[in-house]
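Down below is the structure, laid out as structure tokens.
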Amino acid sequence: LDVAFHYIDRAARRDSYDMKQKGIAHSSDDAIEELNVRFREAALGYQFEGGQIIRVDSQYTHAEVTIPALTLLADPRFAGPQEEFLSAHAHYRVGEYRDAVIDANNAFESTMKTICEIKGWDYPGGATASVLLKTLRGNGLLPDYLGNAFDQLAATLQSGLPQVRNEEGAHGQGSEPRETPGYVAGYAIHLAASKIVFMVEAMKDTE
């Protein structure tokens with residue numbers, strides 16, 4: 001299905017005239033929508049989004065967080081974060097949870113770097129998530145009326161996803177192999193998605 005719908009989403013969409021000449025009435029979007037309906041009917045826990053099949057653990061979270069993140073990252077300026085976010089989903093789908101956490105955090109950090117580059121805000125090379133957040137805050141990414149409430153938000157942003165990455169993905173695991181649970185990887189991806197939506201929408205609001 002992944003291979004077939006990759007073709008339908010890319011090649012068939014480009015050759016729509018040829019498809020009509022062959023008597024194929026359904027568009028690529030129609031076919032993808034039907035696949036996703038059948039996935040939901042069969043309760044398989046997968047959807048075709050952003051050019052690939054991704055794992056869906058919660059329809060509500062998928063609709064309210066994952067799809068908006070994919071939509072915002074479809075902006076060509078966010079090609080790097082989009083690639084990392086989709087990679088996180090690809091690892092998650094096949095049970096490579098450690099790599100899913102790492103890529104989710106990479107997408108989170110790359111989104112902040114991209115916003116800084118779009119806005120022309122300098123940040124040091126090798127900047128961590130904490131430093132990037134300070135850069136965004138220092139340049140007034142959020143409206144002034146949020147006031148002190150942003151202190152709590154910044155603390156949440158700094159302590160959530162990066163902490164999951166540090167503990168589960170980025171550092172050595174010691175002498176005993178350690179597995180990253182699926183629920184931790186799912187949490188990291190959803191957390192990254194919600195933060196990406198928050199930051200990109202805040203940026204677009206200033207354009």
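We label chains A, B, ... in the order they appear in the structure tokens, count residues from 1 in each chain, and number ligands from 1 in the order shown.
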
Can you list, as a VMD selection string, every protein, DNA or RNA residue that comes within 10 Å of A:Met199 when you count only C-alpha atoms, leaving out same-chain residues fewer than 2 positions away?
chain A and resid 108 111 to 112 115 136 141 to 142 194 to 197 201 to 205

Writing out the chosen residues with N, CA and C atoms as a PDB file, in the first residue's frame:
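Now in out-v9.pdb:
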ATOM      1  N   PHE A 108      11.773  19.428  15.735  1.00  0.00           N
ATOM      2  CA  PHE A 108      11.456  20.517  16.664  1.00  0.00           C
ATOM      3  C   PHE A 108      12.538  21.593  16.612  1.00  0.00           C
ATOM      4  N   THR A 111      12.803  23.333  13.161  1.00  0.00           N
ATOM      5  CA  THR A 111      11.728  24.312  12.962  1.00  0.00           C
ATOM      6  C   THR A 111      12.131  25.650  13.563  1.00  0.00           C
ATOM      7  N   MET A 112      12.706  25.629  14.762  1.00  0.00           N
ATOM      8  CA  MET A 112      13.138  26.878  15.395  1.00  0.00           C
ATOM      9  C   MET A 112      14.252  27.540  14.591  1.00  0.00           C
ATOM     10  N   ILE A 115      12.769  29.153  11.481  1.00  0.00           N
ATOM     11  CA  ILE A 115      12.072  30.397  11.801  1.00  0.00           C
ATOM     12  C   ILE A 115      13.084  31.522  11.988  1.00  0.00           C
ATOM     13  N   LEU A 136      14.065  32.951  20.043  1.00  0.00           N
ATOM     14  CA  LEU A 136      12.705  33.231  19.593  1.00  0.00           C
ATOM     15  C   LEU A 136      11.998  34.185  20.550  1.00  0.00           C
ATOM     16  N   LEU A 141       8.647  36.603  19.340  1.00  0.00           N
ATOM     17  CA  LEU A 141       7.809  35.765  18.500  1.00  0.00           C
ATOM     18  C   LEU A 141       6.361  35.765  18.973  1.00  0.00           C
ATOM     19  N   LEU A 142       6.181  35.899  20.287  1.00  0.00           N
ATOM     20  CA  LEU A 142       4.828  35.924  20.849  1.00  0.00           C
ATOM     21  C   LEU A 142       4.372  37.351  21.102  1.00  0.00           C
ATOM     22  N   SER A 194       2.751  19.425  18.257  1.00  0.00           N
ATOM     23  CA  SER A 194       2.022  20.533  18.873  1.00  0.00           C
ATOM     24  C   SER A 194       2.897  21.783  18.969  1.00  0.00           C
ATOM     25  N   LYS A 195       4.179  21.604  19.255  1.00  0.00           N
ATOM     26  CA  LYS A 195       5.085  22.741  19.372  1.00  0.00           C
ATOM     27  C   LYS A 195       5.409  23.343  18.001  1.00  0.00           C
ATOM     28  N   ILE A 196       5.509  22.484  17.005  1.00  0.00           N
ATOM     29  CA  ILE A 196       5.751  22.969  15.645  1.00  0.00           C
ATOM     30  C   ILE A 196       4.572  23.822  15.187  1.00  0.00           C
ATOM     31  N   VAL A 197       3.354  23.329  15.423  1.00  0.00           N
ATOM     32  CA  VAL A 197       2.158  24.092  15.047  1.00  0.00           C
ATOM     33  C   VAL A 197       2.159  25.437  15.758  1.00  0.00           C
ATOM     34  N   GLU A 201       2.703  28.822  13.449  1.00  0.00           N
ATOM     35  CA  GLU A 201       1.544  29.709  13.394  1.00  0.00           C
ATOM     36  C   GLU A 201       1.873  31.075  13.993  1.00  0.00           C
ATOM     37  N   ALA A 202       2.671  31.079  15.065  1.00  0.00           N
ATOM     38  CA  ALA A 202       3.084  32.363  15.659  1.00  0.00           C
ATOM     39  C   ALA A 202       3.928  33.148  14.660  1.00  0.00           C
ATOM     40  N   MET A 203       4.809  32.457  13.930  1.00  0.00           N
ATOM     41  CA  MET A 203       5.632  33.131  12.932  1.00  0.00           C
ATOM     42  C   MET A 203       4.779  33.695  11.798  1.00  0.00           C
ATOM     43  N   LYS A 204       3.852  32.879  11.301  1.00  0.00           N
ATOM     44  CA  LYS A 204       3.012  33.311  10.187  1.00  0.00           C
ATOM     45  C   LYS A 204       2.124  34.491  10.579  1.00  0.00           C
ATOM     46  N   ASP A 205       1.787  34.564  11.849  1.00  0.00           N
ATOM     47  CA  ASP A 205       0.938  35.667  12.327  1.00  0.00           C
ATOM     48  C   ASP A 205       1.672  37.004  12.250  1.00  0.00           C
TER      49      ASP A 205
END

Find the distance between atom CA of A:Tyr97 and atom CA of A:Val56 and write it in Å to one decimal.
14.4 Å

DSSP-assigned alpha helix (DSSP H) members of stretch 2-165 of chain A, reported as a ChimeraX atom specification:
/A:2-9,11-14,16-21,28-41,59-61,67-73,79-93,97-119,129-138,149-159,161-165

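The gap separating atom CA of A:His89 from atom CA of A:Arg55 is 6.9 Å, in Å to one decimal.
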
Atom CA of A:Leu191 and atom CA of A:Ala79 are how many Å apart?
19.4 Å
